[in-house]
$ cat target_1.txt   # compact mmCIF, C-alpha atoms and all ligand atoms
# COMPACT_ATOMS: atom_id res chain seq x y z
CA ALA A 4 37.93 19.01 -14.68
CA GLY A 5 41.47 17.64 -14.41
CA GLY A 6 40.07 14.75 -12.45
CA GLY A 7 41.30 12.25 -15.00
CA ALA A 8 44.90 12.49 -13.73
CA ARG A 9 43.93 12.21 -10.12
CA ALA A 10 42.66 9.26 -8.21
CA PRO A 11 39.08 9.97 -7.22
CA ALA A 12 38.78 11.20 -3.67
CA GLY A 13 38.51 8.31 -1.31
CA SER A 14 39.68 5.79 -3.88
CA SER A 15 41.75 3.79 -1.43
CA SER A 16 38.83 3.35 0.90
CA THR A 17 36.69 2.51 -2.13
CA VAL A 18 39.05 -0.41 -2.85
CA ARG A 19 38.91 -1.53 0.75
CA LEU A 20 35.14 -1.21 0.79
CA GLY A 21 35.04 -3.21 -2.43
CA PHE A 22 37.02 -5.98 -0.75
CA LEU A 23 34.88 -5.88 2.35
CA GLY A 24 31.88 -5.62 0.08
CA GLY A 25 32.95 -8.88 -1.58
CA LYS A 26 32.83 -10.63 1.74
CA ARG A 27 29.66 -8.86 2.76
CA ARG A 28 27.91 -9.59 -0.51
CA LEU A 29 27.91 -13.29 0.29
CA GLY A 30 26.37 -12.56 3.68
CA ALA A 31 23.93 -10.19 2.06
CA VAL A 32 22.81 -12.81 -0.44
CA VAL A 33 22.23 -15.30 2.37
CA ALA A 34 20.42 -12.67 4.40
CA MET A 35 18.30 -11.64 1.41
CA ALA A 36 17.39 -15.25 0.67
CA ALA A 37 16.38 -15.70 4.30
CA ALA A 38 14.39 -12.45 4.21
CA GLY A 39 12.79 -13.60 0.94
CA ALA A 40 11.85 -16.97 2.40
CA ASP A 41 10.49 -15.28 5.49
CA PHE A 42 8.59 -12.79 3.30
CA ASP A 43 7.10 -15.64 1.27
CA ALA A 44 6.11 -17.57 4.40
CA ARG A 45 4.39 -14.56 5.90
CA VAL A 46 2.61 -13.76 2.63
CA ALA A 47 1.48 -17.39 2.34
CA ARG A 48 0.02 -17.25 5.84
CA ILE A 49 -1.75 -13.96 5.06
CA ALA A 50 -3.15 -15.37 1.79
CA SER A 51 -4.44 -18.47 3.58
CA THR A 52 -6.51 -16.35 5.97
CA ILE A 53 -8.37 -14.35 3.30
CA ARG A 54 -11.85 -15.70 2.64
CA VAL A 55 -13.43 -15.55 -0.81
CA ILE A 56 -17.22 -15.17 -0.93
CA PRO A 57 -18.80 -15.71 -4.34
CA ASP A 58 -21.57 -13.39 -5.57
CA PHE A 59 -21.11 -10.64 -2.96
CA PRO A 60 -22.28 -7.91 -3.12
CA LYS A 61 -23.56 -8.78 -6.61
CA PRO A 62 -23.74 -11.94 -8.74
CA GLY A 63 -20.41 -12.65 -10.41
CA ILE A 64 -18.23 -10.83 -7.86
CA MET A 65 -15.73 -13.00 -5.98
CA PHE A 66 -15.48 -10.93 -2.81
CA GLN A 67 -12.07 -11.01 -1.11
CA ASP A 68 -12.89 -10.81 2.58
CA ILE A 69 -10.04 -9.62 4.81
CA THR A 70 -12.13 -9.80 8.01
CA THR A 71 -11.08 -13.46 8.41
CA MET A 72 -7.43 -12.37 8.33
CA LEU A 73 -8.17 -9.93 11.18
CA LEU A 74 -9.24 -12.90 13.30
CA ASN A 75 -5.69 -14.27 13.04
CA PRO A 76 -3.33 -11.98 15.01
CA GLU A 77 -0.19 -13.48 13.43
CA ALA A 78 -1.44 -12.85 9.91
CA PHE A 79 -2.73 -9.38 10.80
CA ARG A 80 0.57 -8.50 12.47
CA ASP A 81 2.58 -9.88 9.52
CA THR A 82 0.53 -7.70 7.17
CA ILE A 83 1.29 -4.56 9.14
CA ASP A 84 4.95 -5.54 9.59
CA LEU A 85 5.51 -6.19 5.88
CA PHE A 86 4.26 -2.71 5.03
CA VAL A 87 6.26 -1.09 7.84
CA GLU A 88 9.42 -2.94 6.76
CA ARG A 89 8.94 -1.74 3.20
CA TYR A 90 8.46 1.93 4.08
CA LYS A 91 10.53 2.44 7.23
CA ASP A 92 13.56 4.02 5.53
CA LYS A 93 11.75 5.88 2.75
CA GLY A 94 11.06 9.20 4.44
CA ILE A 95 7.29 8.63 4.46
CA THR A 96 5.46 11.43 6.30
CA VAL A 97 1.85 10.49 5.44
CA ILE A 98 -0.14 7.29 5.36
CA ALA A 99 -3.48 7.96 3.66
CA GLY A 100 -6.11 5.28 4.27
CA VAL A 101 -9.10 4.82 1.98
CA GLU A 102 -12.49 4.35 3.66
CA ALA A 103 -13.43 1.86 4.84
CA ARG A 104 -10.94 -0.96 4.73
CA GLY A 105 -7.87 1.25 4.40
CA PHE A 106 -8.75 2.46 7.91
CA ILE A 107 -8.07 -1.04 9.26
CA PHE A 108 -4.43 -1.10 8.16
CA GLY A 109 -3.38 2.52 7.72
CA PRO A 110 -3.30 3.91 11.27
CA THR A 111 -1.07 1.17 12.72
CA ILE A 112 1.36 1.53 9.82
CA ALA A 113 1.37 5.32 10.30
CA LEU A 114 2.15 5.03 14.02
CA ALA A 115 4.99 2.57 13.37
CA LEU A 116 6.48 4.99 10.82
CA ASN A 117 5.84 8.06 12.99
CA ALA A 118 3.84 9.45 10.05
CA LYS A 119 0.52 11.32 9.90
CA PHE A 120 -2.58 9.26 9.21
CA ILE A 121 -5.05 10.86 6.82
CA PRO A 122 -8.52 9.37 6.29
CA LEU A 123 -9.81 9.61 2.72
CA ARG A 124 -13.55 9.39 3.23
CA LYS A 125 -16.77 8.78 1.36
CA PRO A 126 -18.78 11.98 0.63
CA LYS A 127 -20.25 14.16 3.37
CA LYS A 128 -18.38 12.45 6.22
CA LEU A 129 -15.56 14.92 6.82
CA PRO A 130 -16.65 18.02 8.75
CA GLY A 131 -14.07 20.51 7.50
CA GLU A 132 -13.38 21.98 4.07
CA VAL A 133 -12.68 19.17 1.58
CA ILE A 134 -11.46 18.46 -1.90
CA SER A 135 -13.06 15.52 -3.69
CA GLU A 136 -12.50 13.11 -6.58
CA GLU A 137 -15.09 10.96 -8.30
CA TYR A 138 -14.21 7.48 -9.57
CA SER A 139 -15.78 4.37 -11.05
CA LEU A 140 -15.82 1.07 -9.19
CA GLU A 141 -16.05 -2.57 -10.19
CA TYR A 142 -19.65 -2.26 -9.01
CA GLY A 143 -20.80 1.37 -9.32
CA THR A 144 -19.39 4.88 -8.92
CA ASP A 145 -18.26 6.72 -5.83
CA LYS A 146 -16.38 9.73 -4.57
CA ILE A 147 -13.70 10.24 -1.93
CA GLU A 148 -12.84 13.36 -0.03
CA MET A 149 -9.87 14.70 1.92
CA HIS A 150 -9.61 17.58 4.36
CA VAL A 151 -7.91 20.68 3.01
CA GLY A 152 -4.66 21.17 4.93
CA ALA A 153 -4.24 17.49 5.84
CA VAL A 154 -1.26 17.11 3.52
CA GLU A 155 1.39 19.70 2.82
CA PRO A 156 3.45 20.16 -0.35
CA ASN A 157 6.61 18.58 1.09
CA ASP A 158 4.81 15.47 2.37
CA ARG A 159 5.73 12.02 1.05
CA ALA A 160 2.66 9.80 1.12
CA VAL A 161 1.74 6.15 0.79
CA VAL A 162 -1.91 5.36 0.03
CA VAL A 163 -3.11 2.23 1.84
CA ASP A 164 -6.16 0.11 1.05
CA ASP A 165 -7.11 -3.53 1.40
CA LEU A 166 -7.52 -4.22 -2.31
CA ILE A 167 -6.92 -2.93 -5.83
CA ALA A 168 -9.52 -4.03 -8.38
CA THR A 169 -10.02 -1.61 -11.30
CA GLY A 170 -7.69 0.91 -9.66
CA GLY A 171 -10.32 3.68 -9.68
CA THR A 172 -10.22 4.20 -5.92
CA LEU A 173 -6.44 4.41 -5.67
CA CYS A 174 -6.29 6.63 -8.72
CA ALA A 175 -8.73 9.09 -7.09
CA ALA A 176 -6.73 8.93 -3.84
CA VAL A 177 -3.47 9.70 -5.64
CA LYS A 178 -5.12 12.62 -7.45
CA LEU A 179 -6.44 14.10 -4.19
CA ILE A 180 -3.03 14.01 -2.53
CA GLU A 181 -1.19 15.30 -5.58
CA ARG A 182 -3.71 18.13 -6.00
CA ALA A 183 -2.63 19.22 -2.52
CA GLY A 184 0.95 19.33 -3.81
CA ALA A 185 2.38 16.30 -1.96
CA GLU A 186 4.18 13.35 -3.49
CA VAL A 187 2.58 9.89 -3.52
CA VAL A 188 5.55 7.56 -3.30
CA GLU A 189 3.55 4.35 -3.70
CA CYS A 190 0.17 2.71 -3.20
CA ALA A 191 0.06 -0.31 -0.90
CA CYS A 192 -2.64 -2.99 -0.81
CA VAL A 193 -3.03 -6.38 0.77
CA ILE A 194 -4.71 -7.88 -2.33
CA GLU A 195 -4.64 -7.28 -6.08
CA LEU A 196 -7.10 -8.60 -8.63
CA PRO A 197 -4.61 -8.63 -11.54
CA GLU A 198 -7.21 -9.47 -14.20
CA LEU A 199 -8.87 -6.09 -13.65
CA LYS A 200 -5.62 -4.32 -14.60
CA GLY A 201 -5.88 -1.63 -11.93
CA ARG A 202 -2.18 -0.87 -12.33
CA ASP A 203 -2.81 0.40 -15.86
CA LYS A 204 -5.13 3.09 -14.50
CA LEU A 205 -2.38 4.24 -12.14
CA GLY A 206 0.12 4.79 -14.97
CA ASN A 207 3.65 4.74 -13.59
CA LYS A 208 2.61 5.14 -9.94
CA PRO A 209 4.05 2.06 -8.16
CA VAL A 210 1.65 -0.33 -6.45
CA PHE A 211 2.95 -2.74 -3.80
CA VAL A 212 0.72 -5.73 -3.03
CA LEU A 213 1.16 -8.76 -0.82
CA VAL A 214 -1.30 -11.21 -2.39
CA LYS A 215 -2.52 -11.57 -5.97
CA ALA A 216 -5.95 -13.18 -6.18
CA ASP A 217 -6.24 -15.97 -8.76
CA GLU A 218 -9.49 -14.83 -10.24
CA ALA A 219 -10.83 -11.37 -10.92
CA GLY A 220 -13.52 -10.36 -8.48
O1 LIG B 301 -9.80 -0.76 -7.43
P1 LIG B 301 -11.27 -0.42 -7.34
O2 LIG B 301 -12.06 -0.98 -8.48
O3 LIG B 301 -11.49 1.05 -7.18
O4 LIG B 301 -11.87 -1.14 -6.06
C1 LIG B 301 -11.20 -1.22 -4.83
C2 LIG B 301 -12.01 -0.60 -3.73
O5 LIG B 301 -13.24 -1.29 -3.56
C3 LIG B 301 -13.40 -1.64 -2.19
O6 LIG B 301 -14.02 -0.65 -1.45
P2 LIG B 301 -15.56 -0.26 -1.61
O7 LIG B 301 -15.67 0.87 -2.59
O8 LIG B 301 -16.35 -1.49 -1.90
O9 LIG B 301 -15.93 0.40 -0.23
P3 LIG B 301 -15.97 -0.14 1.29
O10 LIG B 301 -14.53 -0.42 1.70
O11 LIG B 301 -16.55 1.02 1.99
O12 LIG B 301 -16.82 -1.37 1.33
C4 LIG B 301 -11.98 -1.83 -1.71
O13 LIG B 301 -11.88 -1.75 -0.30
C5 LIG B 301 -11.25 -0.73 -2.40
O14 LIG B 301 -11.32 0.51 -1.69
N1 LIG B 302 -13.70 -8.59 -5.49
C1 LIG B 302 -13.60 -7.72 -4.49
N2 LIG B 302 -13.46 -8.14 -3.22
C2 LIG B 302 -13.37 -7.25 -2.21
N3 LIG B 302 -13.41 -5.93 -2.36
C3 LIG B 302 -13.54 -5.47 -3.62
N4 LIG B 302 -13.59 -4.21 -4.11
C4 LIG B 302 -13.73 -4.30 -5.43
N5 LIG B 302 -13.77 -5.56 -5.84
C5 LIG B 302 -13.65 -6.32 -4.73
$ encode --input "target_1.txt" --output "structure tokens"
Amino acid sequence: AGGGARAPAGSSSTVRLGFLGGKRRLGAVVAMAAAGADFDARVARIASTIRVIPDFPKPGIMFQDITTMLLNPEAFRDTIDLFVERYKDKGITVIAGVEARGFIFGPTIALALNAKFIPLRKPKKLPGEVISEEYSLEYGTDKIEMHVGAVEPNDRAVVVDDLIATGGTLCAAVKLIERAGAEVVECACVIELPELKGRDKLGNKPVFVLVKADEAG
């Protein structure tokens, strides 16, 4: 109220910042372009190390095999770094990894972010009290479980897995964490099979992926 007659607090410094911002913006654009080029180069290297095996584990499935990427330390490190760079200033307190391949990437990302790592496991693997969610897969149905007490209501989580196909697994993971009252900020995967429209299953939950596979698995 009455603010219309007054200059907004800090207006002079706003002008100065605007001027400085003008100079900085140019630098920022250059820096962003460089970061973008670097991002693209790292993603290209990661993509080139992923092996595709036709008809595994069933006829018609184009299996995206990340084990060949793990043989290349630069590509493996780039994968971890790209996730850490994305989440480092986002107040993430939990990295939840989906068994089995989410366990390959999740713990290193969690340590780099100083966040908790939470394993989301296949049934009857966790020894304590669990909550569970059933889901359908591209090739069958399954269930994942999480220890009660692993996440707390004020936690901010990212769910990590190697791949999103139909989205059933990530959807179940998000439900588990949200049932425990925490916020899932995003899901993060190395690979997406876009033709299987997994994002649709996740509604408006953001999914960050590094590599989109050409053909549906
Ligand atoms: O988006 P969706 O259709 O749910 O499929 C993606 C899931 O499928 C794969 O795991 P899988 O269930 O084969 O288990 P594994 O990692 O133990 O082999 C993959 O690692 C994801 O977790
Ligand atoms: N095509 C695929 N490759 C690897 N993992 C998968 N999980 C579900 N579909 C897959």
$ axis_aligned_box --input "target_1.txt" --around "ligand LIG 302 (chain B)" --padding-each-side "5 Å" --output "lines of an AutoDock Vina configuration file"
center_x = -13.6
center_y = -6.4
center_z = -4.0
size_x = 10.4
size_y = 14.4
size_z = 13.6
$ residues_near_ligand --input "target_1.txt" --ligand "ligand LIG 302 (chain B)" --cutoff "12 Å" --atoms "all atoms listed in the file" --output "PyMOL selection string"
chain A and resi 53-70+101-105+139-145+164-173+192-199+201+215-220
$ atom_distance --input "target_1.txt" --atom1 "atom CA of A:Ala175" --atom2 "atom CA of A:Leu205"
9.5 Å
$ closest_residue --input "target_1.txt" --among "A:Ile134, A:Ala176, A:Val154, A:Met72" --to "A:Arg48" --atoms "only C-alpha atoms"
A:Met72
$ closest_residue --input "target_1.txt" --among "A:Ala50, A:Ala44, A:Ala153, A:Leu179" --to "A:Val214" --atoms "only C-alpha atoms"
A:Ala50
$ closest_residue --input "target_1.txt" --among "A:Leu74, A:Ile180, A:Ile98, A:Ala47" --to "A:Lys119" --atoms "all atoms listed in the file"
A:Ile98
$ atom_distance --input "target_1.txt" --atom1 "atom CA of A:Tyr138" --atom2 "atom O3 of ligand LIG 301 (chain B)"
7.4 Å
$ atom_distance --input "target_1.txt" --atom1 "atom CA of A:Ala185" --atom2 "atom CA of A:Lys127"
23.3 Å
$ closest_residue --input "target_1.txt" --among "A:Lys178, A:Arg202, A:Lys93, A:Lys208" --to "ligand LIG 301 (chain B)" --atoms "all atoms listed in the file"
A:Arg202
$ residues_around --input "target_1.txt" --residues "A:Phe211" --least-positions-apart "3" --cutoff "8 Å" --atoms "all atoms listed in the file" --output "PyMOL selection string"
chain A and resi 189-192
$ closest_residue --input "target_1.txt" --among "A:Lys146, A:Val161, A:Val97, A:Gly152" --to "A:Glu132" --atoms "all atoms listed in the file"
A:Gly152
$ closest_residue --input "target_1.txt" --among "A:Pro209, A:Pro130, A:Gly109, A:Gly100" --to "ligand LIG 301 (chain B)" --atoms "all atoms listed in the file"
A:Gly100
